[in-house]
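Asker: Here's a structure for you.
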Amino acid sequence: MVAQPPLAAAELAPTAQPAADRTGAAFFDVDNTMMQGASLYYFARGLAARRYFTTIDLARFAISQARFRLLAAEHAGDMDRAREAALSFVKGWQVEEMQRLSEEIFDELMADRIWSGTRALADAHLAAGQRVWLVTAAPVELGRVIATRLGLTGALGTVAEIRDGAYTGRLVGEMMHGPNKANAVEALAAAEGLDLSRCTAYSDSINDVPMLTTVGRAVAVNPDSALRRMARSQGWEVRDFRSGRNAAKVAVPVVLGAGMVAGAVVGGMALSRRRKKAL
């Protein structure tokens, strides 16, 4: 009997791919849902390390971000003004520069802070043939970089006005927060032919209840106390990937967001200057 030659790689049966599910999708919040802490906090840290901020800039940025966090739930006008103030720091920047910096800073400071459990949830949707979007209050460019790095479909985020390839420092529309997240998800669903009753949304924050209730399935991930209570009352699934000690550590940049930069980064820059003088 003549031995048969082994199959060449091209002759092997291809790995079965999931059938595309065109009407189901998943939407993930970013800060403390997909990532430990706040993406803008890490982005600001990366910029400070590159000397894009002066200490005065950082202080102003910290004040605007702290105000944004504190007033987000009730004072939309003040919240938008705070976001506008934060965006004023990128006025005149080239879009290509923002893209490059977002990629560098993600790799340096954010990649290791992605919750493996949440990423597994996103990968499960992809494996089922569904598309997966991030929905974040951070600049959409940063959201897209994170989505690309994680192999997701795309991102919805706060949009900054661009003119002649550079940022003007103004918003286009409203900040991607609270009800605006739900509106953006509904608009995307209409454009993509999604059936929202077959979609799933994931978040850690009570502020995202509008988005969570827009879809057929809501999942609370690393929830704050208010969202945990809401999830229990509504019978929503809860996933918590934090240990008790890590939960406390993660809560700091999430609650204060980039407002922590004034203390942590400015202090780090001052320490760096002292070290240089000592050398």
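Scheme for the structure tokens: letters A, B, ... for chains in order shown; per-chain residue numbers from 1; ligand numbers from 1 in order shown.
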For region 17-31 of chain A, please output as JSON, numbers by chain all residues within 7 Å (counting only C-alpha atoms; exclusion window: fewer than 5 positions along the same chain).

Answerer: {"A": [36, 37, 38, 39, 125, 127, 128, 129, 130, 131, 132, 133, 134, 135, 136, 193, 194, 195, 198, 199, 200, 201, 202, 203, 254]}

Asker: Identify, with DSSP run on backbone atoms, the residues in region 68-222 of chain A assigned to alpha helix (DSSP H), and express the list as a PyMOL selection string.

Answerer: chain A and resi 68-71+76-87+95-105+116-127+140-150+179-192+209-212

Asker: What would the file look like if the residues just selected were written as a PDB file, in the first residue's frame with C-alpha atoms?

Answerer:
```
ATOM      1  CA  PHE A  68     -17.169  67.769  35.237  1.00  0.00           C
ATOM      2  CA  ARG A  69     -17.222  64.699  37.485  1.00  0.00           C
ATOM      3  CA  LEU A  70     -19.031  66.428  40.330  1.00  0.00           C
ATOM      4  CA  LEU A  71     -21.669  68.140  38.204  1.00  0.00           C
ATOM      5  CA  ALA A  76     -25.462  69.396  31.889  1.00  0.00           C
ATOM      6  CA  GLY A  77     -24.609  72.962  30.920  1.00  0.00           C
ATOM      7  CA  ASP A  78     -21.810  73.222  33.455  1.00  0.00           C
ATOM      8  CA  MET A  79     -20.613  69.761  32.455  1.00  0.00           C
ATOM      9  CA  ASP A  80     -20.364  70.716  28.801  1.00  0.00           C
ATOM     10  CA  ARG A  81     -18.515  73.923  29.681  1.00  0.00           C
ATOM     11  CA  ALA A  82     -16.065  71.893  31.737  1.00  0.00           C
ATOM     12  CA  ARG A  83     -15.510  69.559  28.798  1.00  0.00           C
ATOM     13  CA  GLU A  84     -15.072  72.522  26.470  1.00  0.00           C
ATOM     14  CA  ALA A  85     -12.410  73.872  28.826  1.00  0.00           C
ATOM     15  CA  ALA A  86     -10.612  70.541  28.752  1.00  0.00           C
ATOM     16  CA  LEU A  87     -10.734  70.410  24.958  1.00  0.00           C
ATOM     17  CA  VAL A  95      -5.343  65.241  14.210  1.00  0.00           C
ATOM     18  CA  GLU A  96      -2.444  63.013  13.163  1.00  0.00           C
ATOM     19  CA  GLU A  97      -0.567  64.041  16.295  1.00  0.00           C
ATOM     20  CA  MET A  98      -3.520  63.103  18.496  1.00  0.00           C
ATOM     21  CA  GLN A  99      -3.701  59.717  16.768  1.00  0.00           C
ATOM     22  CA  ARG A 100       0.001  59.068  17.307  1.00  0.00           C
ATOM     23  CA  LEU A 101      -0.080  60.127  20.951  1.00  0.00           C
ATOM     24  CA  SER A 102      -3.198  58.073  21.647  1.00  0.00           C
ATOM     25  CA  GLU A 103      -1.529  54.971  20.258  1.00  0.00           C
ATOM     26  CA  GLU A 104       1.704  55.529  22.176  1.00  0.00           C
ATOM     27  CA  ILE A 105       0.004  56.296  25.480  1.00  0.00           C
ATOM     28  CA  SER A 116      -9.252  40.570  31.115  1.00  0.00           C
ATOM     29  CA  GLY A 117     -12.749  39.532  32.174  1.00  0.00           C
ATOM     30  CA  THR A 118     -14.423  42.370  30.293  1.00  0.00           C
ATOM     31  CA  ARG A 119     -12.300  41.772  27.229  1.00  0.00           C
ATOM     32  CA  ALA A 120     -13.380  38.126  27.312  1.00  0.00           C
ATOM     33  CA  LEU A 121     -17.008  39.269  27.280  1.00  0.00           C
ATOM     34  CA  ALA A 122     -16.330  41.423  24.217  1.00  0.00           C
ATOM     35  CA  ASP A 123     -14.485  38.574  22.516  1.00  0.00           C
ATOM     36  CA  ALA A 124     -17.470  36.287  23.150  1.00  0.00           C
ATOM     37  CA  HIS A 125     -19.716  38.681  21.220  1.00  0.00           C
ATOM     38  CA  LEU A 126     -17.211  38.797  18.378  1.00  0.00           C
ATOM     39  CA  ALA A 127     -16.996  34.991  18.361  1.00  0.00           C
ATOM     40  CA  VAL A 140     -13.611  59.582  19.971  1.00  0.00           C
ATOM     41  CA  GLU A 141     -10.066  59.380  18.588  1.00  0.00           C
ATOM     42  CA  LEU A 142      -8.868  57.831  21.847  1.00  0.00           C
ATOM     43  CA  GLY A 143     -11.860  55.495  21.882  1.00  0.00           C
ATOM     44  CA  ARG A 144     -11.077  54.321  18.358  1.00  0.00           C
ATOM     45  CA  VAL A 145      -7.464  53.588  19.245  1.00  0.00           C
ATOM     46  CA  ILE A 146      -8.577  51.468  22.199  1.00  0.00           C
ATOM     47  CA  ALA A 147     -11.134  49.656  20.025  1.00  0.00           C
ATOM     48  CA  THR A 148      -8.553  48.988  17.319  1.00  0.00           C
ATOM     49  CA  ARG A 149      -5.984  47.705  19.794  1.00  0.00           C
ATOM     50  CA  LEU A 150      -8.592  45.313  21.250  1.00  0.00           C
ATOM     51  CA  PRO A 179     -28.575  60.211  27.845  1.00  0.00           C
ATOM     52  CA  ASN A 180     -26.281  61.180  24.963  1.00  0.00           C
ATOM     53  CA  LYS A 181     -24.788  57.695  25.038  1.00  0.00           C
ATOM     54  CA  ALA A 182     -28.247  56.204  24.652  1.00  0.00           C
ATOM     55  CA  ASN A 183     -29.036  58.599  21.784  1.00  0.00           C
ATOM     56  CA  ALA A 184     -25.792  57.669  20.021  1.00  0.00           C
ATOM     57  CA  VAL A 185     -26.485  53.945  20.397  1.00  0.00           C
ATOM     58  CA  GLU A 186     -29.989  54.397  18.996  1.00  0.00           C
ATOM     59  CA  ALA A 187     -28.659  56.402  16.045  1.00  0.00           C
ATOM     60  CA  LEU A 188     -26.004  53.771  15.308  1.00  0.00           C
ATOM     61  CA  ALA A 189     -28.591  51.003  15.545  1.00  0.00           C
ATOM     62  CA  ALA A 190     -30.781  52.783  12.996  1.00  0.00           C
ATOM     63  CA  ALA A 191     -27.833  53.288  10.644  1.00  0.00           C
ATOM     64  CA  GLU A 192     -26.544  49.718  10.979  1.00  0.00           C
ATOM     65  CA  VAL A 209     -28.609  53.673  32.937  1.00  0.00           C
ATOM     66  CA  PRO A 210     -30.083  55.386  29.822  1.00  0.00           C
ATOM     67  CA  MET A 211     -27.793  53.279  27.607  1.00  0.00           C
ATOM     68  CA  LEU A 212     -28.344  50.135  29.655  1.00  0.00           C
TER      69      LEU A 212
END
```

Asker: Do a neighbour search on region 171-175 of chain A at 6 Å with only C-alpha atoms, toss out local chain neighbours closer than 4 positions, and write the hits as a list in words.

Answerer: Thr158, Val159, Ala160 and Glu161 of chain A

Asker: So how many Å separate CA of Ser205 (chain A) and CA of Phe43 (chain A), to one decimal?

Answerer: 20.6 Å

Asker: Identify all residues of region 121-219 of chain A in strand (DSSP E) (DSSP on the backbone) and supply them as a ChimeraX atom specification.

Answerer: /A:131-139,154-158,160-163,166-171,200-203,217-219

Asker: How many Å separate CA of Asn32 (chain A) from CA of Arg113 (chain A)?

Answerer: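 Between CA of Asn32 (chain A) and CA of Arg113 (chain A) the gap is 9.4 Å.
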
Asker: To one decimal in Å, tell me the separation between CA of Tyr42 (chain A) and CA of Ala231 (chain A).

Answerer: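 It comes out at 28.8 Å.
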
Asker: Calculated over only C-alpha atoms, which of the candidates A:Arg45, A:Arg242, A:Tyr52, A:Gln94 has the smallest distance to Arg163 (chain A)?

Answerer: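 Smallest separation from Arg163 (chain A) among the options: A:Gln94.
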